[in-house]
Amino acid sequence: MYVNNKKKACEAVGFKSEEYALDKNTTQQELLSLVKELNEKPDINGILVQLPLPNHLDDKAVIEAISPKKDVDAFHAVNVGKIMLGEYDFLPCTPSGVMEMLHSCSIPVSGKNCVVIGRSNIVGKPMAMLLLHENGTVTICHSRTQNLAEICSHADILVAAVGKPKFVTADMVKEGAVVIDVGMDRDENGKLCGDVDFENVKEKCSYITPVPGGVGPMTIATLMKNTLKAAKLQNNID
Ligand code: NAP
């Protein structure tokens with residue numbers, strides 16, 4: 001689903017996209033050779049490796065093999081380091097899409113209590129960093145957090161990136177809070193849902209993102225933005 005949506009978005013904005021759907025038994029060496037080949041191709045401006053990879057492949061080594069200039073997911077250590085410093089070319093797509101939503105709704109972050117549930121390298125950690133860059137007072141929760149519900153209930157901005165269906169319930173949400181649901185989960189009937197119990201939480205908060213149709217499309221839009229930026233950087237276009 002992710003890959004197809006990305007391909008459709010490329011078509012919609014007029015980018016050429018190439019998919020390399022490799023066999024599940026592909027070796028590390030074969031995958032690294034393909035990444036190297038794409039790094040060297042001038043007509044390829046952005047490369048992304050759809051994670052997770054099969055267990056026998058080292059995703060860290062594969063991500064590190066991507067040229068930082070073509071790393072449109074912003075997962076390479078060089079780009080992660082730049083984000084920490086606040087001096088970046090690309091922002092990771094999901095957290096950046098979330099910030100764009102906050103900006104477009106004129107939701108202030110500065111001085112607000114921001115709680116991020118989840119500390120993955122691709123969502124939770126960079127999400128917290130971007131909120132911090134905008135002067136939010138940020139708390140990161142994870143599976144070892146004690147009093148999670150209590151911490152969440154003080155959040156002005158609550159971001160759920162847990163991967164557990166309807167994990168955030170109304171009692172965990174402050175009246176009038178802004179709730180961002182990053183989760184892409186399946187409920188007990190196999191239906192796509194988020195990490196937030198949308199129906200009950202929506203009555204309590206001021207803003208809430210639906211699943212599907214919330215953070216997901218913003219992630220893809222940011223990927224397109226990053227790819228355009230990569231193409232411009234590689235071709236010295238302002
Ligand atoms: P992940 O790597 O599995 O990380 C999940 C995080 O949630 C971990 O930090 C984990 O804590 C924490 N967690 C798990 N159980 C918890 C609990 N009971 N209480 C508190 N924290 C708990 O997942 P991810 O890649 O960040 O993705 C999170 C969700 O977002 C998934 O549903 C994924 O499909 C979705 N997603 C959506 C988009 C989009 O574009 N919409 C993009 C990326 C991901 P520990 O670190 O302690 O284990």
# chains A, B, ... in the order shown; residues from 1 in each chain; ligands from 1
call {"tool": "closest_atom_pairs", "arguments": {"of": "region 110-173 of chain A", "to": "region 191-213 of chain A", "cutoff": "8 Å", "atoms": "only C-alpha atoms", "output": "Markdown table"}}
result
| residue | atom | partner | partner_atom | distance |
| --- | --- | --- | --- | --- |
| A:Ala160 | CA | A:Asp195 | CA | 6.2 |
| A:Ala161 | CA | A:Asp195 | CA | 7.0 |
| A:Val162 | CA | A:Asp195 | CA | 6.5 |
| A:Gly163 | CA | A:Asp195 | CA | 6.2 |
| A:Lys164 | CA | A:Asp195 | CA | 5.4 |
| A:Pro165 | CA | A:Asp195 | CA | 4.7 |
| A:Lys166 | CA | A:Asp197 | CA | 4.3 |
| A:Phe167 | CA | A:Asp195 | CA | 5.1 |
| A:Val168 | CA | A:Val196 | CA | 4.5 |
| A:Thr169 | CA | A:Asp197 | CA | 5.4 |
| A:Ala170 | CA | A:Val201 | CA | 4.6 |
| A:Val173 | CA | A:Val201 | CA | 7.2 |
call {"tool": "write_last_selection", "arguments": {"atoms": "all heavy atoms", "output": "PDB file, in the first residue's frame"}}
result
ATOM      1  N   ALA A 160       0.676  10.309  18.626  1.00  0.00           N
ATOM      2  CA  ALA A 160       0.727   8.864  18.890  1.00  0.00           C
ATOM      3  C   ALA A 160       1.403   8.151  17.730  1.00  0.00           C
ATOM      4  O   ALA A 160       0.931   8.207  16.598  1.00  0.00           O
ATOM      5  CB  ALA A 160      -0.686   8.328  19.089  1.00  0.00           C
ATOM      6  N   ALA A 161       2.537   7.508  18.019  1.00  0.00           N
ATOM      7  CA  ALA A 161       3.262   6.718  17.005  1.00  0.00           C
ATOM      8  C   ALA A 161       3.689   5.414  17.667  1.00  0.00           C
ATOM      9  O   ALA A 161       4.867   5.154  17.892  1.00  0.00           O
ATOM     10  CB  ALA A 161       4.458   7.496  16.479  1.00  0.00           C
ATOM     11  N   VAL A 162       2.698   4.616  18.011  1.00  0.00           N
ATOM     12  CA  VAL A 162       2.904   3.411  18.820  1.00  0.00           C
ATOM     13  C   VAL A 162       2.787   2.136  17.986  1.00  0.00           C
ATOM     14  O   VAL A 162       3.515   1.166  18.198  1.00  0.00           O
ATOM     15  CB  VAL A 162       1.841   3.336  19.958  1.00  0.00           C
ATOM     16  CG1 VAL A 162       2.236   2.314  21.008  1.00  0.00           C
ATOM     17  CG2 VAL A 162       1.596   4.675  20.592  1.00  0.00           C
ATOM     18  N   GLY A 163       1.823   2.146  17.063  1.00  0.00           N
ATOM     19  CA  GLY A 163       1.572   0.937  16.283  1.00  0.00           C
ATOM     20  C   GLY A 163       0.640  -0.032  16.994  1.00  0.00           C
ATOM     21  O   GLY A 163       0.707  -1.243  16.773  1.00  0.00           O
ATOM     22  N   LYS A 164      -0.230   0.524  17.856  1.00  0.00           N
ATOM     23  CA  LYS A 164      -1.203  -0.326  18.558  1.00  0.00           C
ATOM     24  C   LYS A 164      -2.595   0.276  18.363  1.00  0.00           C
ATOM     25  O   LYS A 164      -2.811   1.441  18.731  1.00  0.00           O
ATOM     26  CB  LYS A 164      -0.883  -0.387  20.056  1.00  0.00           C
ATOM     27  CG  LYS A 164       0.420  -1.109  20.381  1.00  0.00           C
ATOM     28  CD  LYS A 164       0.401  -1.603  21.807  1.00  0.00           C
ATOM     29  CE  LYS A 164       1.615  -2.355  22.261  1.00  0.00           C
ATOM     30  NZ  LYS A 164       2.353  -3.147  21.344  1.00  0.00           N
ATOM     31  N   PRO A 165      -3.522  -0.509  17.800  1.00  0.00           N
ATOM     32  CA  PRO A 165      -4.838   0.058  17.470  1.00  0.00           C
ATOM     33  C   PRO A 165      -5.562   0.647  18.682  1.00  0.00           C
ATOM     34  O   PRO A 165      -5.643   0.014  19.736  1.00  0.00           O
ATOM     35  CB  PRO A 165      -5.620  -1.134  16.897  1.00  0.00           C
ATOM     36  CG  PRO A 165      -4.830  -2.360  17.221  1.00  0.00           C
ATOM     37  CD  PRO A 165      -3.425  -1.932  17.450  1.00  0.00           C
ATOM     38  N   LYS A 166      -6.055   1.881  18.502  1.00  0.00           N
ATOM     39  CA  LYS A 166      -6.888   2.583  19.504  1.00  0.00           C
ATOM     40  C   LYS A 166      -6.246   2.611  20.893  1.00  0.00           C
ATOM     41  O   LYS A 166      -6.922   2.509  21.913  1.00  0.00           O
ATOM     42  CB  LYS A 166      -8.279   1.953  19.551  1.00  0.00           C
ATOM     43  CG  LYS A 166      -8.960   1.991  18.182  1.00  0.00           C
ATOM     44  CD  LYS A 166     -10.342   1.396  18.194  1.00  0.00           C
ATOM     45  CE  LYS A 166     -10.864   1.287  16.771  1.00  0.00           C
ATOM     46  NZ  LYS A 166     -12.167   0.675  16.658  1.00  0.00           N
ATOM     47  N   PHE A 167      -4.932   2.743  20.923  1.00  0.00           N
ATOM     48  CA  PHE A 167      -4.160   2.747  22.177  1.00  0.00           C
ATOM     49  C   PHE A 167      -4.497   3.976  23.039  1.00  0.00           C
ATOM     50  O   PHE A 167      -4.582   3.894  24.256  1.00  0.00           O
ATOM     51  CB  PHE A 167      -2.671   2.744  21.805  1.00  0.00           C
ATOM     52  CG  PHE A 167      -1.722   2.748  22.959  1.00  0.00           C
ATOM     53  CD1 PHE A 167      -1.371   1.567  23.584  1.00  0.00           C
ATOM     54  CD2 PHE A 167      -1.162   3.943  23.413  1.00  0.00           C
ATOM     55  CE1 PHE A 167      -0.471   1.567  24.650  1.00  0.00           C
ATOM     56  CE2 PHE A 167      -0.265   3.945  24.478  1.00  0.00           C
ATOM     57  CZ  PHE A 167       0.077   2.757  25.095  1.00  0.00           C
ATOM     58  N   VAL A 168      -4.671   5.121  22.375  1.00  0.00           N
ATOM     59  CA  VAL A 168      -4.947   6.363  23.110  1.00  0.00           C
ATOM     60  C   VAL A 168      -6.459   6.502  23.282  1.00  0.00           C
ATOM     61  O   VAL A 168      -7.195   6.638  22.305  1.00  0.00           O
ATOM     62  CB  VAL A 168      -4.380   7.590  22.359  1.00  0.00           C
ATOM     63  CG1 VAL A 168      -4.774   8.885  23.056  1.00  0.00           C
ATOM     64  CG2 VAL A 168      -2.865   7.491  22.230  1.00  0.00           C
ATOM     65  N   THR A 169      -6.878   6.467  24.536  1.00  0.00           N
ATOM     66  CA  THR A 169      -8.312   6.554  24.827  1.00  0.00           C
ATOM     67  C   THR A 169      -8.646   7.946  25.377  1.00  0.00           C
ATOM     68  O   THR A 169      -7.742   8.699  25.774  1.00  0.00           O
ATOM     69  CB  THR A 169      -8.701   5.459  25.843  1.00  0.00           C
ATOM     70  OG1 THR A 169      -7.748   5.483  26.916  1.00  0.00           O
ATOM     71  CG2 THR A 169      -8.674   4.077  25.208  1.00  0.00           C
ATOM     72  N   ALA A 170      -9.940   8.253  25.418  1.00  0.00           N
ATOM     73  CA  ALA A 170     -10.370   9.619  25.769  1.00  0.00           C
ATOM     74  C   ALA A 170      -9.857  10.050  27.144  1.00  0.00           C
ATOM     75  O   ALA A 170      -9.501  11.222  27.342  1.00  0.00           O
ATOM     76  CB  ALA A 170     -11.889   9.710  25.702  1.00  0.00           C
ATOM     77  N   VAL A 173      -6.599  12.020  27.284  1.00  0.00           N
ATOM     78  CA  VAL A 173      -6.480  13.244  26.484  1.00  0.00           C
ATOM     79  C   VAL A 173      -7.044  14.436  27.245  1.00  0.00           C
ATOM     80  O   VAL A 173      -8.129  14.372  27.826  1.00  0.00           O
ATOM     81  CB  VAL A 173      -7.232  13.058  25.135  1.00  0.00           C
ATOM     82  CG1 VAL A 173      -7.234  14.339  24.321  1.00  0.00           C
ATOM     83  CG2 VAL A 173      -6.604  11.911  24.344  1.00  0.00           C
TER      84      VAL A 173
END
call {"tool": "closest_atom_pairs", "arguments": {"of": "chain A", "to": "ligand 1", "cutoff": "8 Å", "atoms": "only C-alpha atoms and all ligand atoms", "output": "Markdown table"}}
result
| residue | atom | partner | partner_atom_place_in_ligand_line | distance |
| --- | --- | --- | --- | --- |
| A:Cys93 | CA | ligand 1 | 40 (O) | 7.6 |
| A:Thr94 | CA | ligand 1 | 40 (O) | 5.3 |
| A:Ile117 | CA | ligand 1 | 21 (N) | 5.7 |
| A:Gly118 | CA | ligand 1 | 6 (C) | 3.6 |
| A:Arg119 | CA | ligand 1 | 9 (O) | 3.7 |
| A:Ser120 | CA | ligand 1 | 26 (O) | 4.4 |
| A:Asn121 | CA | ligand 1 | 26 (O) | 7.0 |
| A:Ile122 | CA | ligand 1 | 26 (O) | 6.0 |
| A:Val123 | CA | ligand 1 | 26 (O) | 4.7 |
| A:Gly124 | CA | ligand 1 | 26 (O) | 5.7 |
| A:Cys141 | CA | ligand 1 | 20 (C) | 5.9 |
| A:His142 | CA | ligand 1 | 21 (N) | 3.4 |
| A:Ser143 | CA | ligand 1 | 21 (N) | 3.7 |
| A:Arg144 | CA | ligand 1 | 47 (O) | 5.6 |
| A:Thr145 | CA | ligand 1 | 20 (C) | 6.4 |
| A:Leu148 | CA | ligand 1 | 20 (C) | 7.1 |
| A:Ala160 | CA | ligand 1 | 29 (C) | 7.6 |
| A:Ala161 | CA | ligand 1 | 28 (C) | 4.1 |
| A:Val162 | CA | ligand 1 | 7 (O) | 3.5 |
| A:Gly163 | CA | ligand 1 | 32 (O) | 3.2 |
| A:Lys164 | CA | ligand 1 | 32 (O) | 6.3 |
| A:Pro165 | CA | ligand 1 | 32 (O) | 7.8 |
| A:Phe167 | CA | ligand 1 | 18 (N) | 7.9 |
| A:Asp181 | CA | ligand 1 | 41 (N) | 7.9 |
| A:Val182 | CA | ligand 1 | 30 (O) | 4.7 |
| A:Gly183 | CA | ligand 1 | 32 (O) | 3.5 |
| A:Met184 | CA | ligand 1 | 32 (O) | 4.0 |
| A:Asp185 | CA | ligand 1 | 32 (O) | 5.2 |
| A:Gly194 | CA | ligand 1 | 32 (O) | 6.9 |
| A:Asp195 | CA | ligand 1 | 32 (O) | 6.8 |
| A:Gly214 | CA | ligand 1 | 41 (N) | 7.5 |
| A:Val215 | CA | ligand 1 | 41 (N) | 4.8 |
| A:Gly216 | CA | ligand 1 | 41 (N) | 3.7 |
| A:Pro217 | CA | ligand 1 | 40 (O) | 7.0 |
| A:Met218 | CA | ligand 1 | 40 (O) | 7.2 |
| A:Thr219 | CA | ligand 1 | 40 (O) | 4.9 |
| A:Ile220 | CA | ligand 1 | 40 (O) | 7.1 |
call {"tool": "write_last_selection", "arguments": {"atoms": "N, CA and C atoms", "output": "mmCIF file, in the first residue's frame"}}
result
data_model
loop_
_atom_site.group_PDB
_atom_site.id
_atom_site.type_symbol
_atom_site.label_atom_id
_atom_site.label_comp_id
_atom_site.auth_asym_id
_atom_site.auth_seq_id
_atom_site.Cartn_x
_atom_site.Cartn_y
_atom_site.Cartn_z
ATOM 1 N N CYS A 93 9.938 12.277 6.451
ATOM 2 C CA CYS A 93 8.642 12.613 5.838
ATOM 3 C C CYS A 93 7.477 12.688 6.827
ATOM 4 N N THR A 94 7.367 11.702 7.717
ATOM 5 C CA THR A 94 6.181 11.692 8.589
ATOM 6 C C THR A 94 6.207 12.849 9.593
ATOM 7 N N ILE A 117 4.259 9.715 21.810
ATOM 8 C CA ILE A 117 4.310 8.310 22.266
ATOM 9 C C ILE A 117 4.984 7.520 21.153
ATOM 10 N N GLY A 118 6.147 6.943 21.469
ATOM 11 C CA GLY A 118 6.951 6.217 20.472
ATOM 12 C C GLY A 118 8.294 6.888 20.305
ATOM 13 N N ARG A 119 9.340 6.076 20.181
ATOM 14 C CA ARG A 119 10.699 6.637 20.051
ATOM 15 C C ARG A 119 11.472 5.966 18.923
ATOM 16 N N SER A 120 10.753 5.617 17.849
ATOM 17 C CA SER A 120 11.456 4.982 16.730
ATOM 18 C C SER A 120 12.311 6.033 16.018
ATOM 19 N N ASN A 121 13.310 5.533 15.281
ATOM 20 C CA ASN A 121 14.187 6.460 14.557
ATOM 21 C C ASN A 121 13.464 7.152 13.418
ATOM 22 N N ILE A 122 12.398 6.499 12.902
ATOM 23 C CA ILE A 122 11.751 7.108 11.729
ATOM 24 C C ILE A 122 10.570 8.023 12.089
ATOM 25 N N VAL A 123 9.988 7.824 13.259
ATOM 26 C CA VAL A 123 8.871 8.708 13.626
ATOM 27 C C VAL A 123 9.106 9.404 14.983
ATOM 28 N N GLY A 124 9.098 8.635 16.063
ATOM 29 C CA GLY A 124 9.076 9.238 17.399
ATOM 30 C C GLY A 124 10.216 10.205 17.670
ATOM 31 N N CYS A 141 7.409 9.331 25.297
ATOM 32 C CA CYS A 141 6.986 8.132 26.031
ATOM 33 C C CYS A 141 7.291 6.891 25.190
ATOM 34 N N HIS A 142 7.490 5.775 25.874
ATOM 35 C CA HIS A 142 7.803 4.515 25.191
ATOM 36 C C HIS A 142 7.292 3.364 26.036
ATOM 37 N N SER A 143 7.691 2.153 25.673
ATOM 38 C CA SER A 143 7.078 0.987 26.333
ATOM 39 C C SER A 143 7.464 0.854 27.813
ATOM 40 N N ARG A 144 8.517 1.550 28.245
ATOM 41 C CA ARG A 144 8.910 1.465 29.668
ATOM 42 C C ARG A 144 8.408 2.660 30.471
ATOM 43 N N THR A 145 7.687 3.562 29.835
ATOM 44 C CA THR A 145 7.216 4.767 30.536
ATOM 45 C C THR A 145 6.217 4.403 31.623
ATOM 46 N N LEU A 148 1.973 6.562 31.899
ATOM 47 C CA LEU A 148 1.821 7.089 30.537
ATOM 48 C C LEU A 148 0.520 7.894 30.378
ATOM 49 N N ALA A 160 0.676 10.309 18.626
ATOM 50 C CA ALA A 160 0.727 8.864 18.890
ATOM 51 C C ALA A 160 1.403 8.151 17.730
ATOM 52 N N ALA A 161 2.537 7.508 18.019
ATOM 53 C CA ALA A 161 3.262 6.718 17.005
ATOM 54 C C ALA A 161 3.689 5.414 17.667
ATOM 55 N N VAL A 162 2.698 4.616 18.011
ATOM 56 C CA VAL A 162 2.904 3.411 18.820
ATOM 57 C C VAL A 162 2.787 2.136 17.986
ATOM 58 N N GLY A 163 1.823 2.146 17.063
ATOM 59 C CA GLY A 163 1.572 0.937 16.283
ATOM 60 C C GLY A 163 0.640 -0.032 16.994
ATOM 61 N N LYS A 164 -0.230 0.524 17.856
ATOM 62 C CA LYS A 164 -1.203 -0.326 18.558
ATOM 63 C C LYS A 164 -2.595 0.276 18.363
ATOM 64 N N PRO A 165 -3.522 -0.509 17.800
ATOM 65 C CA PRO A 165 -4.838 0.058 17.470
ATOM 66 C C PRO A 165 -5.562 0.647 18.682
ATOM 67 N N PHE A 167 -4.932 2.743 20.923
ATOM 68 C CA PHE A 167 -4.160 2.747 22.177
ATOM 69 C C PHE A 167 -4.497 3.976 23.039
ATOM 70 N N ASP A 181 -2.516 11.448 15.043
ATOM 71 C CA ASP A 181 -2.467 9.981 15.035
ATOM 72 C C ASP A 181 -1.605 9.497 13.866
ATOM 73 N N VAL A 182 -0.419 9.019 14.191
ATOM 74 C CA VAL A 182 0.496 8.541 13.145
ATOM 75 C C VAL A 182 0.229 7.058 12.828
ATOM 76 N N GLY A 183 -0.367 6.353 13.752
ATOM 77 C CA GLY A 183 -0.533 4.889 13.626
ATOM 78 C C GLY A 183 -1.243 4.447 12.360
ATOM 79 N N MET A 184 -0.815 3.318 11.843
ATOM 80 C CA MET A 184 -1.495 2.660 10.716
ATOM 81 C C MET A 184 -1.688 1.224 11.165
ATOM 82 N N ASP A 185 -2.813 0.958 11.769
ATOM 83 C CA ASP A 185 -3.030 -0.342 12.410
ATOM 84 C C ASP A 185 -4.283 -1.003 11.829
ATOM 85 N N GLY A 194 -6.161 3.865 13.483
ATOM 86 C CA GLY A 194 -4.946 4.479 14.015
ATOM 87 C C GLY A 194 -4.659 4.035 15.438
ATOM 88 N N ASP A 195 -3.724 4.748 16.065
ATOM 89 C CA ASP A 195 -3.354 4.481 17.466
ATOM 90 C C ASP A 195 -4.322 5.153 18.435
ATOM 91 N N GLY A 214 -5.131 11.190 7.226
ATOM 92 C CA GLY A 214 -4.527 12.237 8.039
ATOM 93 C C GLY A 214 -3.040 12.355 7.754
ATOM 94 N N VAL A 215 -2.250 11.726 8.623
ATOM 95 C CA VAL A 215 -0.788 11.831 8.526
ATOM 96 C C VAL A 215 -0.245 11.130 7.270
ATOM 97 N N GLY A 216 -0.873 10.033 6.868
ATOM 98 C CA GLY A 216 -0.374 9.254 5.718
ATOM 99 C C GLY A 216 -0.179 10.095 4.464
ATOM 100 N N PRO A 217 -1.216 10.805 4.003
ATOM 101 C CA PRO A 217 -1.041 11.624 2.795
ATOM 102 C C PRO A 217 -0.011 12.736 2.975
ATOM 103 N N MET A 218 0.125 13.244 4.215
ATOM 104 C CA MET A 218 1.134 14.287 4.460
ATOM 105 C C MET A 218 2.536 13.721 4.324
ATOM 106 N N THR A 219 2.704 12.470 4.741
ATOM 107 C CA THR A 219 4.004 11.803 4.619
ATOM 108 C C THR A 219 4.406 11.724 3.142
ATOM 109 N N ILE A 220 3.442 11.355 2.338
ATOM 110 C CA ILE A 220 3.748 11.193 0.907
ATOM 111 C C ILE A 220 3.999 12.547 0.244
#
call {"tool": "residues_around", "arguments": {"residues": "Thr137 (chain A)", "least_positions_apart": "5", "cutoff": "9 Å", "atoms": "only C-alpha atoms", "output": "ChimeraX atom specification"}}
result
/A:109-115,131-132
call {"tool": "select_by_dssp", "arguments": {"residues": "region 48-214 of chain A", "states": "alpha helix (DSSP H)", "output": "PyMOL selection string"}}
result
chain A and resi 59-65+77-85+93-104+124-133+148-152+198-201
call {"tool": "closest_residue", "arguments": {"among": "A:Leu130, A:Ser106, A:Asn135, A:Leu57", "to": "Leu85 (chain A)", "atoms": "only C-alpha atoms"}}
result
A:Leu130
call {"tool": "closest_residue", "arguments": {"among": "A:Pro54, A:Gly86, A:Gly136, A:Pro126", "to": "Asp23 (chain A)", "atoms": "only C-alpha atoms"}}
result
A:Pro54
call {"tool": "select_by_dssp", "arguments": {"residues": "region 23-137 of chain A", "states": "strand (DSSP E)", "output": "list in words"}}
result
Asn113, Cys114, Val115, Val116, Ile117 and Thr137 of chain A
call {"tool": "residues_around", "arguments": {"residues": "region 28-41 of chain A", "least_positions_apart": "2", "cutoff": "12 Å", "atoms": "only C-alpha atoms", "output": "ChimeraX atom specification"}}
result
/A:18-26,43-49,53-71,234
call {"tool": "write_last_selection", "arguments": {"atoms": "C-alpha atoms", "output": "mmCIF file, in the first residue's frame"}}
result
data_model
loop_
_atom_site.group_PDB
_atom_site.id
_atom_site.type_symbol
_atom_site.label_atom_id
_atom_site.label_comp_id
_atom_site.auth_asym_id
_atom_site.auth_seq_id
_atom_site.Cartn_x
_atom_site.Cartn_y
_atom_site.Cartn_z
ATOM 1 C CA GLU A 18 11.234 3.205 -10.697
ATOM 2 C CA GLU A 19 10.324 0.324 -8.421
ATOM 3 C CA TYR A 20 12.818 -2.459 -7.761
ATOM 4 C CA ALA A 21 10.747 -5.239 -6.188
ATOM 5 C CA LEU A 22 13.539 -7.636 -5.312
ATOM 6 C CA ASP A 23 13.217 -11.287 -4.473
ATOM 7 C CA LYS A 24 12.947 -11.967 -0.722
ATOM 8 C CA ASN A 25 16.151 -14.018 -0.932
ATOM 9 C CA THR A 26 18.168 -11.115 -2.350
ATOM 10 C CA ASP A 43 18.671 10.736 -13.704
ATOM 11 C CA ILE A 44 17.804 9.320 -10.258
ATOM 12 C CA ASN A 45 17.477 12.112 -7.702
ATOM 13 C CA GLY A 46 15.895 10.292 -4.775
ATOM 14 C CA ILE A 47 16.275 6.778 -3.405
ATOM 15 C CA LEU A 48 14.221 5.122 -0.717
ATOM 16 C CA VAL A 49 14.395 1.616 0.618
ATOM 17 C CA LEU A 53 13.710 -5.492 5.174
ATOM 18 C CA PRO A 54 13.755 -9.293 5.567
ATOM 19 C CA ASN A 55 15.683 -10.404 8.678
ATOM 20 C CA HIS A 56 18.802 -11.545 6.836
ATOM 21 C CA LEU A 57 19.404 -8.013 5.517
ATOM 22 C CA ASP A 58 21.054 -5.286 7.573
ATOM 23 C CA ASP A 59 18.779 -2.279 7.043
ATOM 24 C CA LYS A 60 21.202 0.067 8.801
ATOM 25 C CA ALA A 61 24.011 -0.805 6.350
ATOM 26 C CA VAL A 62 21.654 -0.436 3.405
ATOM 27 C CA ILE A 63 20.441 3.002 4.537
ATOM 28 C CA GLU A 64 24.047 4.101 5.115
ATOM 29 C CA ALA A 65 24.874 3.065 1.537
ATOM 30 C CA ILE A 66 22.397 5.584 0.091
ATOM 31 C CA SER A 67 24.010 8.857 -0.936
ATOM 32 C CA PRO A 68 22.924 11.445 1.691
ATOM 33 C CA LYS A 69 22.068 13.757 -1.220
ATOM 34 C CA LYS A 70 19.535 11.227 -2.538
ATOM 35 C CA ASP A 71 18.270 10.118 0.876
ATOM 36 C CA GLN A 234 21.928 17.935 -7.340
#
call {"tool": "residues_around", "arguments": {"residues": "Cys10 (chain A)", "least_positions_apart": "2", "cutoff": "12 Å", "atoms": "only C-alpha atoms", "output": "list in words"}}
result
Val3, Asn4, Asn5, Lys6, Lys7, Lys8, Ala12, Val13, Gly14, Phe15, Lys16, Ser17, Glu18, Glu19, Gly46, Ile220, Ala221, Thr222, Leu223, Met224, Lys225, Asn226, Thr227 and Leu228 of chain A
call {"tool": "residues_around", "arguments": {"residues": "Lys229 (chain A)", "least_positions_apart": "6", "cutoff": "9 Å", "atoms": "only C-alpha atoms", "output": "PyMOL selection string"}}
result
chain A and resi 72+89-90
call {"tool": "write_last_selection", "arguments": {"atoms": "all heavy atoms", "output": "PDB file, in the first residue's frame"}}
result
ATOM      1  N   VAL A  72      15.977  10.734   0.354  1.00  0.00           N
ATOM      2  CA  VAL A  72      14.764  11.551   0.487  1.00  0.00           C
ATOM      3  C   VAL A  72      13.897  11.169   1.685  1.00  0.00           C
ATOM      4  O   VAL A  72      12.969  11.888   2.043  1.00  0.00           O
ATOM      5  CB  VAL A  72      13.944  11.538  -0.823  1.00  0.00           C
ATOM      6  CG1 VAL A  72      14.609  12.410  -1.868  1.00  0.00           C
ATOM      7  CG2 VAL A  72      13.741  10.116  -1.353  1.00  0.00           C
ATOM      8  N   ASP A  89      18.909  19.472   4.978  1.00  0.00           N
ATOM      9  CA  ASP A  89      18.402  19.572   3.605  1.00  0.00           C
ATOM     10  C   ASP A  89      17.021  18.914   3.537  1.00  0.00           C
ATOM     11  O   ASP A  89      16.121  19.434   2.899  1.00  0.00           O
ATOM     12  CB  ASP A  89      19.351  18.853   2.640  1.00  0.00           C
ATOM     13  CG  ASP A  89      20.707  19.529   2.597  1.00  0.00           C
ATOM     14  OD1 ASP A  89      20.731  20.776   2.625  1.00  0.00           O
ATOM     15  OD2 ASP A  89      21.735  18.825   2.575  1.00  0.00           O
ATOM     16  N   PHE A  90      16.918  17.748   4.178  1.00  0.00           N
ATOM     17  CA  PHE A  90      15.640  17.028   4.157  1.00  0.00           C
ATOM     18  C   PHE A  90      15.192  16.736   5.581  1.00  0.00           C
ATOM     19  O   PHE A  90      16.022  16.447   6.434  1.00  0.00           O
ATOM     20  CB  PHE A  90      15.776  15.653   3.483  1.00  0.00           C
ATOM     21  CG  PHE A  90      16.504  15.684   2.204  1.00  0.00           C
ATOM     22  CD1 PHE A  90      17.729  15.045   2.070  1.00  0.00           C
ATOM     23  CD2 PHE A  90      15.977  16.335   1.099  1.00  0.00           C
ATOM     24  CE1 PHE A  90      18.419  15.063   0.882  1.00  0.00           C
ATOM     25  CE2 PHE A  90      16.658  16.368  -0.090  1.00  0.00           C
ATOM     26  CZ  PHE A  90      17.886  15.732  -0.205  1.00  0.00           C
TER      27      PHE A  90
END
call {"tool": "closest_residue", "arguments": {"among": "A:Met1, A:Lys174, A:Ser96, A:Ser153", "to": "Asp73 (chain A)", "atoms": "only C-alpha atoms"}}
result
A:Ser96
call {"tool": "atom_distance", "arguments": {"atom1": "CA of Ala177 (chain A)", "atom2": "CA of Met101 (chain A)"}}
result
14.8 Å
call {"tool": "closest_residue", "arguments": {"among": "A:Leu51, A:Ala74, A:Val178, A:Met127", "to": "Cys105 (chain A)", "atoms": "only C-alpha atoms"}}
result
A:Val178
call {"tool": "closest_residue", "arguments": {"among": "A:Asp156, A:Glu134, A:Asp238, A:Glu87", "to": "Met99 (chain A)", "atoms": "only C-alpha atoms"}}
result
A:Glu134
call {"tool": "atom_distance", "arguments": {"atom1": "CA of Cys152 (chain A)", "atom2": "CA of Asp187 (chain A)"}}
result
22.2 Å
